[in-house]
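**Student:** Dumping the structure here so I can ask a few things about it.
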Amino acid sequence: MIPPALWLIALPIGAAPLVYLLRRVGGGAIIAALITLLLAWLALELPTGVALNLLGRPIELNLLSQVTLFLIFAATASLFIILTLLSLVSEKRLAHFAKTTGQEGRVFYPAALIILALFVAASLSQHLGITAIFIELAAILMVFVIQTQRLESTRAALRFLILISLATPLFLLAAWRIDFYQLSGGIVSPENINQTALLIGLGFAVWLAVIPFQGWLTSTAIESSPPTAAFVLITFPLVSFSTLINLFVDLPWLADSSYLIDGIILAGVFTAFIGGLLAGVQRGFSELMGYTTLYNMGCILTLVGLGGPAAVLTILVSLVVRSLVLILLAASTSSLYLRVASDGFAQVRGMAQQ
(Lines give C-alpha, C1' and ligand atoms only; values in the text may rest on other atoms or scores of the structure.)
Protein backbone atom coordinates (compact mmCIF):
# COMPACT_ATOMS: atom_id res chain seq x y z
CA MET A 1 0.00 0.00 0.00
CA ILE A 2 1.31 3.44 -0.95
CA PRO A 3 1.77 5.77 2.05
CA PRO A 4 -0.72 8.67 1.77
CA ALA A 5 1.98 11.35 1.44
CA LEU A 6 3.45 9.63 -1.61
CA TRP A 7 0.22 10.22 -3.54
CA LEU A 8 1.42 13.81 -3.81
CA ILE A 9 4.25 12.44 -5.95
CA ALA A 10 2.42 9.66 -7.76
CA LEU A 11 -0.57 11.70 -8.96
CA PRO A 12 1.28 14.42 -10.90
CA ILE A 13 3.76 11.95 -12.39
CA GLY A 14 0.92 9.66 -13.43
CA ALA A 15 -1.06 12.51 -14.97
CA ALA A 16 1.88 14.09 -16.81
CA PRO A 17 1.95 11.60 -19.75
CA LEU A 18 -1.77 12.06 -20.36
CA VAL A 19 -1.45 15.84 -20.19
CA TYR A 20 1.48 15.65 -22.59
CA LEU A 21 -0.53 13.62 -25.09
CA LEU A 22 -3.38 16.12 -24.85
CA ARG A 23 -1.10 19.16 -24.75
CA ARG A 24 -2.41 20.50 -28.06
CA VAL A 25 -6.03 20.45 -26.98
CA GLY A 26 -7.96 21.96 -24.13
CA GLY A 27 -8.40 18.62 -22.39
CA GLY A 28 -4.78 18.60 -21.26
CA ALA A 29 -5.17 21.99 -19.60
CA ILE A 30 -8.33 20.88 -17.80
CA ILE A 31 -6.70 17.70 -16.50
CA ALA A 32 -3.62 19.60 -15.32
CA ALA A 33 -5.72 22.17 -13.47
CA LEU A 34 -7.93 19.52 -11.85
CA ILE A 35 -4.94 17.46 -10.75
CA THR A 36 -3.24 20.44 -9.11
CA LEU A 37 -6.46 21.43 -7.34
CA LEU A 38 -6.79 17.86 -6.08
CA LEU A 39 -3.18 17.94 -4.90
CA ALA A 40 -3.80 21.20 -3.04
CA TRP A 41 -6.73 19.60 -1.23
CA LEU A 42 -4.73 16.46 -0.45
CA ALA A 43 -1.83 18.50 0.90
CA LEU A 44 -4.13 19.93 3.57
CA GLU A 45 -6.01 16.73 4.32
CA LEU A 46 -3.13 14.27 4.61
CA PRO A 47 -1.87 13.60 8.13
CA THR A 48 1.51 14.97 9.10
CA GLY A 49 4.31 12.80 10.40
CA VAL A 50 6.78 10.23 9.11
CA ALA A 51 5.35 8.46 6.07
CA LEU A 52 8.05 5.79 5.83
CA ASN A 53 11.76 5.15 6.24
CA LEU A 54 13.60 4.70 2.95
CA LEU A 55 17.14 3.33 3.23
CA GLY A 56 17.34 4.64 6.76
CA ARG A 57 16.14 8.12 5.76
CA PRO A 58 12.77 9.39 7.05
CA ILE A 59 10.20 10.58 4.53
CA GLU A 60 8.14 13.04 6.52
CA LEU A 61 5.34 15.50 5.87
CA ASN A 62 5.64 18.17 8.55
CA LEU A 63 3.38 21.15 9.07
CA LEU A 64 5.63 23.63 7.26
CA SER A 65 6.00 21.35 4.26
CA GLN A 66 2.24 20.81 4.23
CA VAL A 67 1.52 24.54 4.03
CA THR A 68 4.29 25.05 1.47
CA LEU A 69 2.98 22.32 -0.81
CA PHE A 70 -0.57 23.65 -0.55
CA LEU A 71 0.61 27.09 -1.65
CA ILE A 72 2.58 25.62 -4.54
CA PHE A 73 -0.32 23.49 -5.77
CA ALA A 74 -2.90 26.25 -5.39
CA ALA A 75 -0.71 28.81 -7.16
CA THR A 76 0.07 26.41 -10.00
CA ALA A 77 -3.61 25.58 -10.49
CA SER A 78 -4.38 29.30 -10.70
CA LEU A 79 -1.66 29.81 -13.30
CA PHE A 80 -2.93 26.84 -15.32
CA ILE A 81 -6.41 28.35 -15.38
CA ILE A 82 -5.12 31.82 -16.25
CA LEU A 83 -2.99 30.54 -19.11
CA THR A 84 -5.85 28.46 -20.48
CA LEU A 85 -8.31 31.34 -20.40
CA LEU A 86 -5.82 33.69 -22.02
CA SER A 87 -5.16 31.15 -24.76
CA LEU A 88 -8.87 30.86 -25.42
CA VAL A 89 -9.36 34.60 -25.58
CA SER A 90 -6.31 35.23 -27.75
CA GLU A 91 -7.24 32.54 -30.25
CA LYS A 92 -10.98 33.36 -30.16
CA ARG A 93 -12.02 29.75 -29.80
CA LEU A 94 -14.45 29.91 -26.94
CA ALA A 95 -16.95 27.91 -28.97
CA HIS A 96 -14.37 25.26 -29.89
CA PHE A 97 -12.53 24.51 -26.68
CA ALA A 98 -10.91 21.35 -28.03
CA LYS A 99 -8.61 23.39 -30.24
CA THR A 100 -4.94 24.16 -29.86
CA THR A 101 -3.86 26.02 -26.75
CA GLY A 102 -0.97 28.50 -26.51
CA GLN A 103 2.63 27.55 -27.02
CA GLU A 104 3.47 28.08 -23.36
CA GLY A 105 0.79 25.64 -22.26
CA ARG A 106 2.03 22.83 -24.48
CA VAL A 107 5.29 22.75 -22.55
CA PHE A 108 4.12 24.20 -19.27
CA TYR A 109 1.35 21.80 -18.27
CA PRO A 110 3.18 18.44 -18.42
CA ALA A 111 6.55 19.80 -17.30
CA ALA A 112 5.04 21.65 -14.35
CA LEU A 113 3.35 18.48 -13.07
CA ILE A 114 6.65 16.61 -12.98
CA ILE A 115 8.36 19.62 -11.38
CA LEU A 116 5.68 19.65 -8.68
CA ALA A 117 6.32 15.96 -7.98
CA LEU A 118 10.04 16.66 -7.61
CA PHE A 119 9.32 19.56 -5.26
CA VAL A 120 7.13 17.27 -3.16
CA ALA A 121 9.95 14.73 -2.97
CA ALA A 122 12.36 17.49 -1.96
CA SER A 123 9.97 18.73 0.74
CA LEU A 124 9.36 15.26 2.17
CA SER A 125 13.05 14.43 2.36
CA GLN A 126 14.76 15.22 5.64
CA HIS A 127 18.25 14.97 4.15
CA LEU A 128 19.84 18.09 2.68
CA GLY A 129 21.74 16.23 -0.03
CA ILE A 130 18.68 14.36 -1.29
CA THR A 131 16.64 17.55 -1.22
CA ALA A 132 19.30 19.35 -3.26
CA ILE A 133 19.33 16.57 -5.86
CA PHE A 134 15.55 16.67 -6.29
CA ILE A 135 15.60 20.45 -6.59
CA GLU A 136 18.39 20.24 -9.16
CA LEU A 137 16.28 17.82 -11.21
CA ALA A 138 13.35 20.22 -10.94
CA ALA A 139 15.62 23.07 -12.06
CA ILE A 140 16.61 21.13 -15.18
CA LEU A 141 12.95 20.72 -16.12
CA MET A 142 12.26 24.35 -15.27
CA VAL A 143 14.59 25.32 -18.10
CA PHE A 144 11.96 24.04 -20.54
CA VAL A 145 9.24 25.97 -18.70
CA ILE A 146 11.26 29.19 -18.80
CA GLN A 147 12.26 28.77 -22.43
CA THR A 148 8.96 27.29 -23.72
CA GLN A 149 9.20 27.42 -27.52
CA ARG A 150 11.05 30.72 -27.88
CA LEU A 151 14.15 30.70 -30.05
CA GLU A 152 15.20 34.34 -29.93
CA SER A 153 16.97 34.19 -26.55
CA THR A 154 18.13 31.50 -24.14
CA ARG A 155 19.72 33.84 -21.60
CA ALA A 156 17.12 33.37 -18.86
CA ALA A 157 17.06 29.58 -19.09
CA LEU A 158 20.86 29.31 -19.16
CA ARG A 159 21.32 31.67 -16.23
CA PHE A 160 18.79 29.74 -14.18
CA LEU A 161 20.35 26.36 -14.94
CA ILE A 162 23.95 27.47 -14.40
CA LEU A 163 23.36 29.33 -11.15
CA ILE A 164 21.13 26.69 -9.57
CA SER A 165 23.57 23.97 -10.61
CA LEU A 166 26.39 25.84 -8.88
CA ALA A 167 24.55 25.52 -5.57
CA THR A 168 24.11 21.74 -5.74
CA PRO A 169 27.75 20.76 -5.00
CA LEU A 170 27.74 23.14 -2.04
CA PHE A 171 24.72 21.43 -0.53
CA LEU A 172 26.13 17.97 -1.20
CA LEU A 173 29.34 18.90 0.61
CA ALA A 174 27.35 20.39 3.48
CA ALA A 175 25.19 17.25 3.70
CA TRP A 176 28.31 15.08 3.80
CA ARG A 177 29.71 17.12 6.68
CA ILE A 178 26.38 17.00 8.54
CA ASP A 179 26.24 13.21 8.18
CA PHE A 180 29.81 12.99 9.44
CA TYR A 181 28.96 15.04 12.53
CA GLN A 182 25.90 12.93 13.28
CA LEU A 183 27.82 9.67 12.90
CA SER A 184 30.56 10.96 15.17
CA GLY A 185 28.15 11.40 18.05
CA GLY A 186 26.93 14.91 17.39
CA ILE A 187 30.06 16.64 18.69
CA VAL A 188 30.60 19.68 16.49
CA SER A 189 33.48 22.09 16.93
CA PRO A 190 33.04 25.82 16.24
CA GLU A 191 35.38 25.55 13.26
CA ASN A 192 33.31 22.76 11.72
CA ILE A 193 30.11 24.70 12.36
CA ASN A 194 31.49 27.71 10.51
CA GLN A 195 32.67 25.61 7.57
CA THR A 196 29.29 23.93 7.22
CA ALA A 197 27.50 27.24 7.65
CA LEU A 198 29.59 28.74 4.86
CA LEU A 199 28.59 25.98 2.43
CA ILE A 200 24.93 26.23 3.39
CA GLY A 201 24.94 30.02 3.29
CA LEU A 202 26.46 30.18 -0.19
CA GLY A 203 24.06 27.54 -1.48
CA PHE A 204 20.98 29.34 -0.22
CA ALA A 205 22.35 32.66 -1.46
CA VAL A 206 22.13 31.24 -4.98
CA TRP A 207 18.74 29.60 -4.47
CA LEU A 208 17.24 32.76 -2.97
CA ALA A 209 18.75 35.13 -5.55
CA VAL A 210 20.80 37.10 -3.06
CA ILE A 211 22.81 39.88 -4.71
CA PRO A 212 24.96 39.19 -6.81
CA PHE A 213 23.23 35.88 -7.69
CA GLN A 214 19.96 37.54 -8.72
CA GLY A 215 20.51 37.01 -12.45
CA TRP A 216 18.31 33.91 -12.70
CA LEU A 217 15.37 35.66 -11.06
CA THR A 218 15.35 38.95 -12.95
CA SER A 219 16.09 37.41 -16.35
CA THR A 220 13.31 34.85 -15.86
CA ALA A 221 10.81 37.59 -15.06
CA ILE A 222 11.89 39.66 -18.06
CA GLU A 223 12.27 37.03 -20.78
CA SER A 224 9.79 34.29 -19.90
CA SER A 225 6.05 34.61 -20.44
CA PRO A 226 4.23 36.03 -17.37
CA PRO A 227 2.46 32.79 -16.27
CA THR A 228 5.58 30.64 -16.56
CA ALA A 229 7.72 33.32 -14.93
CA ALA A 230 5.27 33.53 -12.04
CA PHE A 231 5.40 29.73 -11.68
CA VAL A 232 9.18 29.81 -11.30
CA LEU A 233 9.19 32.85 -9.01
CA ILE A 234 6.52 31.33 -6.74
CA THR A 235 7.43 27.67 -6.49
CA PHE A 236 11.22 27.70 -6.37
CA PRO A 237 11.59 30.30 -3.57
CA LEU A 238 8.79 28.63 -1.59
CA VAL A 239 10.61 25.31 -1.55
CA SER A 240 13.92 27.06 -0.84
CA PHE A 241 12.59 28.99 2.16
CA SER A 242 10.88 25.88 3.50
CA THR A 243 14.11 23.91 3.20
CA LEU A 244 16.09 26.64 4.97
CA ILE A 245 13.65 26.87 7.88
CA ASN A 246 13.47 23.08 8.25
CA LEU A 247 17.26 22.98 8.27
CA PHE A 248 17.42 25.34 11.24
CA VAL A 249 14.78 23.28 13.03
CA ASP A 250 16.59 19.98 12.44
CA LEU A 251 20.09 21.38 13.07
CA PRO A 252 19.79 24.01 15.80
CA TRP A 253 23.57 24.09 16.20
CA LEU A 254 23.79 25.95 12.88
CA ALA A 255 22.56 29.04 14.71
CA ASP A 256 25.75 28.86 16.80
CA SER A 257 27.80 29.86 13.77
CA SER A 258 29.66 33.09 14.40
CA TYR A 259 28.51 34.67 11.17
CA LEU A 260 25.65 32.70 9.53
CA ILE A 261 22.74 34.52 11.18
CA ASP A 262 24.37 37.92 10.76
CA GLY A 263 25.18 37.03 7.17
CA ILE A 264 21.56 36.09 6.46
CA ILE A 265 20.30 39.38 7.88
CA LEU A 266 22.85 41.47 6.00
CA ALA A 267 22.24 39.59 2.76
CA GLY A 268 18.49 40.05 3.13
CA VAL A 269 18.73 43.77 3.86
CA PHE A 270 21.20 44.36 1.03
CA THR A 271 19.10 42.37 -1.45
CA ALA A 272 15.93 44.20 -0.43
CA PHE A 273 17.66 47.57 -0.72
CA ILE A 274 19.13 46.91 -4.17
CA GLY A 275 15.93 45.25 -5.40
CA GLY A 276 13.78 48.16 -4.26
CA LEU A 277 16.22 50.68 -5.71
CA LEU A 278 16.31 49.00 -9.12
CA ALA A 279 12.54 48.43 -9.15
CA GLY A 280 12.04 52.18 -9.15
CA VAL A 281 13.88 52.68 -12.45
CA GLN A 282 12.33 49.89 -14.54
CA ARG A 283 10.39 50.70 -17.70
CA GLY A 284 8.08 47.71 -18.02
CA PHE A 285 5.82 45.49 -15.96
CA SER A 286 7.89 42.33 -16.45
CA GLU A 287 11.05 44.07 -15.27
CA LEU A 288 9.12 45.55 -12.38
CA MET A 289 7.82 42.10 -11.40
CA GLY A 290 11.37 40.75 -11.32
CA TYR A 291 12.88 43.44 -9.14
CA THR A 292 9.92 43.75 -6.78
CA THR A 293 10.15 39.99 -6.28
CA LEU A 294 13.84 40.42 -5.52
CA TYR A 295 12.97 43.11 -2.96
CA ASN A 296 10.36 40.88 -1.36
CA MET A 297 12.72 37.91 -1.15
CA GLY A 298 15.28 40.11 0.58
CA CYS A 299 12.68 41.13 3.16
CA ILE A 300 11.66 37.53 3.82
CA LEU A 301 15.29 36.45 4.11
CA THR A 302 15.81 39.16 6.71
CA LEU A 303 12.87 37.75 8.68
CA VAL A 304 14.49 34.31 8.58
CA GLY A 305 17.66 35.76 10.06
CA LEU A 306 15.85 37.70 12.77
CA GLY A 307 13.95 34.62 13.91
CA GLY A 308 11.74 34.78 16.96
CA PRO A 309 8.47 33.09 17.96
CA ALA A 310 6.39 34.80 15.28
CA ALA A 311 8.99 34.60 12.49
CA VAL A 312 7.68 31.47 10.77
CA LEU A 313 4.08 32.71 10.79
CA THR A 314 5.16 36.10 9.45
CA ILE A 315 7.20 34.42 6.72
CA LEU A 316 4.29 32.19 5.70
CA VAL A 317 1.91 35.16 5.53
CA SER A 318 4.46 37.04 3.43
CA LEU A 319 4.82 34.08 1.08
CA VAL A 320 1.04 33.79 0.70
CA VAL A 321 0.68 37.48 -0.14
CA ARG A 322 3.67 37.27 -2.47
CA SER A 323 2.13 34.34 -4.34
CA LEU A 324 -1.18 36.16 -4.76
CA VAL A 325 0.56 39.28 -6.05
CA LEU A 326 2.61 37.32 -8.59
CA ILE A 327 -0.49 35.50 -9.84
CA LEU A 328 -2.33 38.80 -10.30
CA LEU A 329 0.71 40.34 -12.00
CA ALA A 330 0.93 37.37 -14.36
CA ALA A 331 -2.76 37.65 -15.23
CA SER A 332 -2.70 41.41 -15.77
CA THR A 333 0.56 41.44 -17.72
CA SER A 334 -0.64 38.60 -19.93
CA SER A 335 -3.83 40.55 -20.59
CA LEU A 336 -1.73 43.46 -21.82
CA TYR A 337 -0.14 41.24 -24.44
CA LEU A 338 -3.59 40.72 -25.94
CA ARG A 339 -3.64 44.41 -26.83
CA VAL A 340 -0.02 45.46 -27.30
CA ALA A 341 3.22 43.77 -28.31
CA SER A 342 5.13 44.91 -25.22
CA ASP A 343 4.38 45.56 -21.56
CA GLY A 344 6.58 48.64 -21.42
CA PHE A 345 5.09 51.65 -19.68
CA ALA A 346 5.42 53.74 -22.85
CA GLN A 347 3.53 51.17 -24.93
CA VAL A 348 0.58 50.86 -22.55
CA ARG A 349 0.19 54.59 -21.98
CA GLY A 350 -3.33 55.70 -22.80
CA MET A 351 -4.81 52.19 -23.05
CA ALA A 352 -7.41 52.94 -20.37
CA GLN A 353 -8.81 55.75 -22.49
CA GLN A 354 -9.24 53.58 -25.58
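In the C-alpha coordinates, the first chain shown is A, the next is B, and so on; residue numbers restart at 1 for each chain, and ligands run from 1 in the order shown.
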What lies within 7 Å of range 218-235 of chain A using only C-alpha atoms, ignoring chain neighbours under 6 positions off, as a short mmCIF file (atom, residue, chain, number, x, y, z; two decimals) with N, CA and C atoms, in the first residue's frame?
**Tutor:**
```
data_model
loop_
_atom_site.label_atom_id
_atom_site.label_comp_id
_atom_site.auth_asym_id
_atom_site.auth_seq_id
_atom_site.Cartn_x
_atom_site.Cartn_y
_atom_site.Cartn_z
N ILE A 72 2.03 25.91 -3.22
CA ILE A 72 2.58 25.62 -4.54
C ILE A 72 1.50 25.05 -5.46
N THR A 76 -0.09 27.02 -8.68
CA THR A 76 0.07 26.41 -10.00
C THR A 76 -1.28 26.19 -10.67
N LEU A 79 -2.40 29.45 -12.09
CA LEU A 79 -1.66 29.81 -13.30
C LEU A 79 -2.10 28.96 -14.49
N LEU A 83 -3.59 30.76 -17.80
CA LEU A 83 -2.99 30.54 -19.11
C LEU A 83 -3.99 29.95 -20.09
N VAL A 145 10.37 25.09 -19.03
CA VAL A 145 9.24 25.97 -18.70
C VAL A 145 9.61 27.43 -18.97
N ILE A 146 10.82 27.81 -18.58
CA ILE A 146 11.26 29.19 -18.80
C ILE A 146 11.40 29.48 -20.29
N GLN A 147 11.98 28.54 -21.02
CA GLN A 147 12.26 28.77 -22.43
C GLN A 147 11.02 28.61 -23.29
N ALA A 156 17.78 33.63 -20.14
CA ALA A 156 17.12 33.37 -18.86
C ALA A 156 17.25 31.91 -18.46
N SER A 286 7.13 43.55 -16.69
CA SER A 286 7.89 42.33 -16.45
C SER A 286 9.15 42.62 -15.65
N GLU A 287 9.86 43.68 -16.03
CA GLU A 287 11.05 44.07 -15.27
C GLU A 287 10.68 44.44 -13.84
N MET A 289 8.15 43.32 -12.13
CA MET A 289 7.82 42.10 -11.40
C MET A 289 9.09 41.42 -10.90
N GLY A 290 10.13 41.39 -11.73
CA GLY A 290 11.37 40.75 -11.32
C GLY A 290 12.03 41.43 -10.14
N TYR A 291 12.14 42.73 -10.19
CA TYR A 291 12.88 43.44 -9.14
C TYR A 291 12.05 43.63 -7.87
N SER A 323 2.66 35.23 -3.30
CA SER A 323 2.13 34.34 -4.34
C SER A 323 0.90 34.96 -5.01
N LEU A 326 1.99 37.80 -7.35
CA LEU A 326 2.61 37.32 -8.59
C LEU A 326 1.57 36.73 -9.53
N ILE A 327 0.57 36.04 -8.98
CA ILE A 327 -0.49 35.50 -9.84
C ILE A 327 -1.27 36.63 -10.50
N ALA A 330 0.86 38.21 -13.16
CA ALA A 330 0.93 37.37 -14.36
C ALA A 330 -0.34 37.51 -15.19
N THR A 333 -0.44 41.23 -16.68
CA THR A 333 0.56 41.44 -17.72
C THR A 333 0.24 40.62 -18.97
N SER A 334 -0.25 39.41 -18.77
CA SER A 334 -0.64 38.60 -19.93
C SER A 334 -1.80 39.24 -20.68
#
```
**Student:** A:Ala74, A:Ile2, A:Leu11, A:Leu328: which is nearest Phe285 in chain A, counting only C-alpha atoms?
**Tutor:** A:Leu328
**Student:** Just list as number ranges by chain whatever in range 90-274 of chain A DSSP marks as helix (DSSP H, G or I).
**Tutor:** A: 90-91, 103-124, 128-147, 155-183, 190-207, 215-223, 226-250, 252-256, 260-274
**Student:** For Glu136 in chain A, which of A:Val120, A:Leu244, A:Leu161, A:Ile13 is the closest residue, counting only C-alpha atoms?
**Tutor:** A:Leu161
